Amino acid sequence: MVDIKALYELQLVDTEISGLESALADVRTRLADESEVKRAGERLRRLAAQFEEVSGERRSAQASVDQLTEKIDSAEKRLYGGTISNPRELGAYEVERDMVQRQRSGEEDKLLELMVQFEDLQENRDKAGANLDTLESERAKNVKAWTVDEGRLVSELEAQSGVRSRMTLDIPPAALSTYEMLMKARDGFAVAMVERGACQGCRISLPTSVEQQTRISDAIVQCSSCHRILYVD
Ligand SMILES: [Zn+2]
């Protein structure tokens, strides 16, 4: 004799178990997935490296402007110091000073551009750092909560597995293997209720004889359409 109700109840437990298993897989995926923090860390490192690079360029542009300023100053000292009176020599110094001034003006434009880049990068780097800090502390909090969830799910699963083992002891092996085969083939839905003369697995109306058989039979009766085990409450 097969107790169809026991198979139906086993299915309830199996549904519970598969829900717990997917919740556990989900929480473990989240625990293992550090990609968000990693990405934020990579972004910070990239910005910090760019910032260092632009800092260096800015320092050398500044040094170059300073050096050219010194050149201009010394050219002007010669021009206006009164030590040179030869007009040709003065003219040559003027030409040189003007050239250096143009050069400096070019370097100053470059420096200005670098300073803008420097400030932007500094701001972005600081924001990326703050973002990383936030993500890390959020993750640490989440990891704590998820670890608690994981532990709870593991013990619930153990408990339900124990329940399942005890339930299967009372089910004839042939019936259990039919049930298990159908669970696989029908995606975790092996036992279907009969309601208003229809199989609730596939919604198809059952012949009256099959419905009758389901009510009185001690053996498994399967739906002729979806082959699920029929159960009348
Ligand atoms: Zn059916």
# chains A, B, ... in the order shown; residues from 1 in each chain; ligands from 1
>>> residues_around(residues="Asp126 (chain A)", least_positions_apart="5", cutoff="12 Å", atoms="only C-alpha atoms", output="mmCIF file with N, CA, C and O atoms, in the first residue's frame")
data_model
loop_
_atom_site.group_PDB
_atom_site.id
_atom_site.type_symbol
_atom_site.label_atom_id
_atom_site.label_comp_id
_atom_site.auth_asym_id
_atom_site.auth_seq_id
_atom_site.Cartn_x
_atom_site.Cartn_y
_atom_site.Cartn_z
ATOM 1 N N ARG A 43 39.944 51.131 -9.273
ATOM 2 C CA ARG A 43 39.697 52.509 -9.727
ATOM 3 C C ARG A 43 40.534 53.497 -8.905
ATOM 4 O O ARG A 43 41.146 54.404 -9.440
ATOM 5 N N LEU A 44 40.565 53.258 -7.584
ATOM 6 C CA LEU A 44 41.358 54.134 -6.724
ATOM 7 C C LEU A 44 42.837 54.061 -7.083
ATOM 8 O O LEU A 44 43.511 55.095 -7.198
ATOM 9 N N ARG A 45 43.340 52.846 -7.298
ATOM 10 C CA ARG A 45 44.764 52.704 -7.637
ATOM 11 C C ARG A 45 45.082 53.383 -8.974
ATOM 12 O O ARG A 45 46.105 54.051 -9.109
ATOM 13 N N LEU A 47 43.460 55.919 -10.358
ATOM 14 C CA LEU A 47 43.418 57.374 -10.198
ATOM 15 C C LEU A 47 44.618 57.887 -9.415
ATOM 16 O O LEU A 47 45.154 58.958 -9.714
ATOM 17 N N ALA A 48 45.034 57.111 -8.405
ATOM 18 C CA ALA A 48 46.188 57.533 -7.602
ATOM 19 C C ALA A 48 47.446 57.556 -8.466
ATOM 20 O O ALA A 48 48.279 58.470 -8.354
ATOM 21 N N PHE A 51 47.257 60.484 -10.717
ATOM 22 C CA PHE A 51 47.505 61.682 -9.917
ATOM 23 C C PHE A 51 49.005 61.877 -9.686
ATOM 24 O O PHE A 51 49.535 62.980 -9.839
ATOM 25 N N GLU A 119 44.022 69.095 -10.026
ATOM 26 C CA GLU A 119 42.910 69.273 -9.086
ATOM 27 C C GLU A 119 41.768 68.287 -9.346
ATOM 28 O O GLU A 119 41.191 67.746 -8.398
ATOM 29 N N ASP A 120 41.465 68.081 -10.623
ATOM 30 C CA ASP A 120 40.407 67.110 -10.959
ATOM 31 C C ASP A 120 40.759 65.713 -10.467
ATOM 32 O O ASP A 120 39.936 65.030 -9.851
ATOM 33 N N LEU A 121 42.007 65.345 -10.736
ATOM 34 C CA LEU A 121 42.429 64.001 -10.333
ATOM 35 C C LEU A 121 42.457 63.854 -8.818
ATOM 36 O O LEU A 121 42.079 62.811 -8.282
ATOM 37 N N ASN A 131 34.646 56.313 -1.591
ATOM 38 C CA ASN A 131 33.726 55.293 -2.104
ATOM 39 C C ASN A 131 34.190 53.892 -1.701
ATOM 40 O O ASN A 131 33.388 53.061 -1.263
ATOM 41 N N LEU A 132 35.497 53.662 -1.814
ATOM 42 C CA LEU A 132 36.043 52.359 -1.418
ATOM 43 C C LEU A 132 35.803 52.101 0.070
ATOM 44 O O LEU A 132 35.387 51.012 0.464
ATOM 45 N N ASP A 133 36.053 53.128 0.885
ATOM 46 C CA ASP A 133 35.823 52.981 2.332
ATOM 47 C C ASP A 133 34.376 52.594 2.621
ATOM 48 O O ASP A 133 34.102 51.692 3.416
#
>>> residues_near_ligand(ligand="ligand 1", cutoff="12 Å", atoms="only C-alpha atoms and all ligand atoms", output="CSV table (one decimal) with N, CA and C atoms, in the first residue's frame")
chain,number,residue,atom,x,y,z
A,182,LEU,N,10.0,11.4,-11.1
A,182,LEU,CA,9.1,12.5,-11.5
A,182,LEU,C,9.6,13.9,-11.0
A,186,ARG,N,9.8,16.6,-13.7
A,186,ARG,CA,8.8,17.6,-13.6
A,186,ARG,C,9.2,18.8,-12.7
A,189,PHE,N,8.0,19.0,-9.1
A,189,PHE,CA,6.5,18.9,-8.9
A,189,PHE,C,6.1,17.5,-9.4
A,190,ALA,N,6.1,16.6,-8.5
A,190,ALA,CA,5.8,15.2,-8.9
A,190,ALA,C,4.4,14.7,-8.5
A,191,VAL,N,3.9,15.3,-7.4
A,191,VAL,CA,2.6,14.9,-6.9
A,191,VAL,C,1.6,16.0,-7.1
A,192,ALA,N,0.5,15.8,-7.9
A,192,ALA,CA,-0.4,16.8,-8.2
A,192,ALA,C,-1.8,16.5,-7.6
A,193,MET,N,-2.4,17.5,-7.0
A,193,MET,CA,-3.7,17.4,-6.4
A,193,MET,C,-4.7,17.3,-7.5
A,194,VAL,N,-5.8,16.6,-7.2
A,194,VAL,CA,-6.9,16.5,-8.2
A,194,VAL,C,-8.0,17.5,-7.6
A,195,GLU,N,-8.3,18.5,-8.4
A,195,GLU,CA,-9.3,19.4,-8.0
A,195,GLU,C,-10.4,19.6,-9.1
A,197,GLY,N,-12.0,17.5,-10.6
A,197,GLY,CA,-11.8,16.5,-11.7
A,197,GLY,C,-10.6,16.8,-12.6
A,198,ALA,N,-9.8,17.7,-12.2
A,198,ALA,CA,-8.6,18.0,-13.1
A,198,ALA,C,-7.3,17.8,-12.3
A,199,CYS,N,-6.3,17.4,-13.1
A,199,CYS,CA,-5.0,17.3,-12.5
A,199,CYS,C,-4.4,18.7,-12.4
A,200,GLN,N,-4.0,19.1,-11.2
A,200,GLN,CA,-3.5,20.5,-11.0
A,200,GLN,C,-2.0,20.6,-11.5
A,201,GLY,N,-1.5,19.5,-11.9
A,201,GLY,CA,-0.1,19.6,-12.5
A,201,GLY,C,-0.2,20.2,-13.9
A,202,CYS,N,-1.2,19.7,-14.7
A,202,CYS,CA,-1.2,20.1,-16.1
A,202,CYS,C,-2.6,20.7,-16.5
A,203,ARG,N,-3.5,20.7,-15.5
A,203,ARG,CA,-4.8,21.3,-15.6
A,203,ARG,C,-5.8,20.6,-16.6
A,204,ILE,N,-5.4,19.3,-16.9
A,204,ILE,CA,-6.2,18.6,-17.9
A,204,ILE,C,-7.3,17.8,-17.1
A,205,SER,N,-8.5,17.8,-17.6
A,205,SER,CA,-9.6,17.1,-16.9
A,205,SER,C,-9.3,15.6,-17.0
A,206,LEU,N,-9.5,14.9,-15.9
A,206,LEU,CA,-9.2,13.5,-15.8
A,206,LEU,C,-10.5,12.7,-16.2
A,207,PRO,N,-10.4,11.6,-16.8
A,207,PRO,CA,-11.5,10.7,-17.0
A,207,PRO,C,-12.1,10.3,-15.6
A,210,VAL,N,-10.4,7.5,-13.9
A,210,VAL,CA,-9.1,7.7,-13.3
A,210,VAL,C,-9.3,8.4,-11.9
A,211,GLU,N,-10.2,9.4,-11.9
A,211,GLU,CA,-10.5,10.1,-10.6
A,211,GLU,C,-10.9,9.1,-9.6
A,221,VAL,N,-1.5,6.3,-8.8
A,221,VAL,CA,-2.2,6.5,-10.1
A,221,VAL,C,-1.6,7.8,-10.7
A,222,GLN,N,-1.2,7.7,-11.9
A,222,GLN,CA,-0.5,8.8,-12.6
A,222,GLN,C,-1.5,9.5,-13.6
A,223,CYS,N,-1.3,10.8,-13.7
A,223,CYS,CA,-2.0,11.5,-14.7
A,223,CYS,C,-1.6,11.0,-16.1
A,224,SER,N,-2.7,10.8,-16.9
A,224,SER,CA,-2.4,10.2,-18.3
A,224,SER,C,-1.6,11.2,-19.2
A,225,SER,N,-1.8,12.5,-18.8
A,225,SER,CA,-1.2,13.5,-19.6
A,225,SER,C,0.3,13.9,-19.2
A,226,CYS,N,0.4,14.3,-17.8
A,226,CYS,CA,1.7,14.7,-17.4
A,226,CYS,C,2.5,13.7,-16.6
A,227,HIS,N,1.8,12.6,-16.3
A,227,HIS,CA,2.4,11.5,-15.5
A,227,HIS,C,2.7,11.8,-14.1
A,228,ARG,N,2.2,12.9,-13.6
A,228,ARG,CA,2.4,13.2,-12.2
A,228,ARG,C,1.5,12.2,-11.3
A,229,ILE,N,2.0,12.0,-10.1
A,229,ILE,CA,1.2,11.1,-9.2
A,229,ILE,C,0.0,11.9,-8.7
A,230,LEU,N,-1.1,11.3,-8.9
A,230,LEU,CA,-2.4,12.1,-8.5
A,230,LEU,C,-2.7,11.9,-7.0
A,231,TYR,N,-3.1,13.0,-6.4
A,231,TYR,CA,-3.4,12.9,-5.0
A,231,TYR,C,-4.8,13.6,-4.7
>>> atom_distance(atom1="CA of Glu21 (chain A)", atom2="CA of Ser165 (chain A)")
16.5 Å
>>> select_by_dssp(residues="region 41-223 of chain A", states="strand (DSSP E or B)", output="PyMOL selection string")
chain A and resi 191-195+198-199+205+222
>>> write_last_selection(atoms="N, CA and C atoms", output="short mmCIF file (atom, residue, chain, number, x, y, z; two decimals), in the first residue's frame")
data_model
loop_
_atom_site.label_atom_id
_atom_site.label_comp_id
_atom_site.auth_asym_id
_atom_site.auth_seq_id
_atom_site.Cartn_x
_atom_site.Cartn_y
_atom_site.Cartn_z
N VAL A 191 3.87 15.33 -7.41
CA VAL A 191 2.57 14.92 -6.90
C VAL A 191 1.57 16.04 -7.12
N ALA A 192 0.51 15.76 -7.90
CA ALA A 192 -0.45 16.82 -8.21
C ALA A 192 -1.80 16.51 -7.56
N MET A 193 -2.38 17.54 -6.99
CA MET A 193 -3.71 17.40 -6.41
C MET A 193 -4.73 17.26 -7.54
N VAL A 194 -5.81 16.57 -7.22
CA VAL A 194 -6.92 16.51 -8.17
C VAL A 194 -7.99 17.46 -7.63
N GLU A 195 -8.31 18.46 -8.41
CA GLU A 195 -9.34 19.42 -7.97
C GLU A 195 -10.37 19.59 -9.08
N ALA A 198 -9.79 17.75 -12.22
CA ALA A 198 -8.64 18.03 -13.09
C ALA A 198 -7.33 17.85 -12.35
N CYS A 199 -6.32 17.42 -13.08
CA CYS A 199 -4.97 17.32 -12.51
C CYS A 199 -4.43 18.74 -12.37
N SER A 205 -8.51 17.81 -17.55
CA SER A 205 -9.59 17.07 -16.88
C SER A 205 -9.32 15.58 -17.00
N GLN A 222 -1.19 7.66 -11.95
CA GLN A 222 -0.53 8.81 -12.58
C GLN A 222 -1.46 9.47 -13.59
#
>>> residues_around(residues="Glu9 (chain A)", least_positions_apart="6", cutoff="10 Å", atoms="only C-alpha atoms", output="PyMOL selection string")
chain A and resi 15+164+167+191
>>> residues_around(residues="Arg30 (chain A)", least_positions_apart="6", cutoff="12 Å", atoms="only C-alpha atoms", output="list of chain:residue names")
A:Ala23, A:Leu24, A:Glu36, A:Arg139, A:Asn142, A:Val143, A:Lys144, A:Ala145, A:Trp146, A:Thr147, A:Asp149, A:Glu150
>>> write_last_selection(atoms="N, CA and C atoms", output="PDB file, in the first residue's frame")
ATOM      1  N   ALA A  23      18.563  29.369  -1.548  1.00  0.00           N
ATOM      2  CA  ALA A  23      18.896  30.521  -0.698  1.00  0.00           C
ATOM      3  C   ALA A  23      20.345  30.425  -0.204  1.00  0.00           C
ATOM      4  N   LEU A  24      20.769  29.196   0.131  1.00  0.00           N
ATOM      5  CA  LEU A  24      22.139  28.986   0.599  1.00  0.00           C
ATOM      6  C   LEU A  24      23.148  29.254  -0.524  1.00  0.00           C
ATOM      7  N   GLU A  36      32.735  44.041  -6.488  1.00  0.00           N
ATOM      8  CA  GLU A  36      32.436  45.475  -6.372  1.00  0.00           C
ATOM      9  C   GLU A  36      33.562  46.212  -5.633  1.00  0.00           C
ATOM     10  N   ARG A 139      30.302  46.183   2.979  1.00  0.00           N
ATOM     11  CA  ARG A 139      30.510  44.754   2.730  1.00  0.00           C
ATOM     12  C   ARG A 139      30.795  44.010   4.036  1.00  0.00           C
ATOM     13  N   ASN A 142      27.568  43.493   5.619  1.00  0.00           N
ATOM     14  CA  ASN A 142      26.808  42.466   4.891  1.00  0.00           C
ATOM     15  C   ASN A 142      27.377  41.074   5.119  1.00  0.00           C
ATOM     16  N   VAL A 143      28.709  40.979   5.091  1.00  0.00           N
ATOM     17  CA  VAL A 143      29.339  39.662   5.273  1.00  0.00           C
ATOM     18  C   VAL A 143      28.942  39.077   6.632  1.00  0.00           C
ATOM     19  N   LYS A 144      28.903  39.931   7.646  1.00  0.00           N
ATOM     20  CA  LYS A 144      28.479  39.477   8.972  1.00  0.00           C
ATOM     21  C   LYS A 144      27.063  38.905   8.911  1.00  0.00           C
ATOM     22  N   ALA A 145      26.168  39.710   8.300  1.00  0.00           N
ATOM     23  CA  ALA A 145      24.760  39.284   8.217  1.00  0.00           C
ATOM     24  C   ALA A 145      24.614  38.021   7.366  1.00  0.00           C
ATOM     25  N   TRP A 146      25.333  37.988   6.240  1.00  0.00           N
ATOM     26  CA  TRP A 146      25.232  36.817   5.354  1.00  0.00           C
ATOM     27  C   TRP A 146      25.785  35.558   6.014  1.00  0.00           C
ATOM     28  N   THR A 147      26.845  35.732   6.822  1.00  0.00           N
ATOM     29  CA  THR A 147      27.415  34.577   7.506  1.00  0.00           C
ATOM     30  C   THR A 147      26.409  34.003   8.505  1.00  0.00           C
ATOM     31  N   ASP A 149      23.147  34.301   8.143  1.00  0.00           N
ATOM     32  CA  ASP A 149      22.150  33.642   7.273  1.00  0.00           C
ATOM     33  C   ASP A 149      22.627  32.259   6.837  1.00  0.00           C
ATOM     34  N   GLU A 150      23.899  32.205   6.447  1.00  0.00           N
ATOM     35  CA  GLU A 150      24.455  30.947   5.969  1.00  0.00           C
ATOM     36  C   GLU A 150      24.346  29.869   7.051  1.00  0.00           C
TER      37      GLU A 150
END
>>> select_by_dssp(residues="region 4-210 of chain A", states="helix (DSSP H, G or I)", output="ChimeraX atom specification")
/A:4-32,35-80,87-169,173-185,208-210
>>> atom_distance(atom1="CA of Glu89 (chain A)", atom2="CA of Ala75 (chain A)")
11.5 Å
>>> atom_distance(atom1="CA of Ile216 (chain A)", atom2="CA of Asp187 (chain A)")
27.6 Å
>>> closest_residue(among="A:Met1, A:Ile72, A:Val154, A:Ile220", to="Met99 (chain A)", atoms="only C-alpha atoms")
A:Ile72
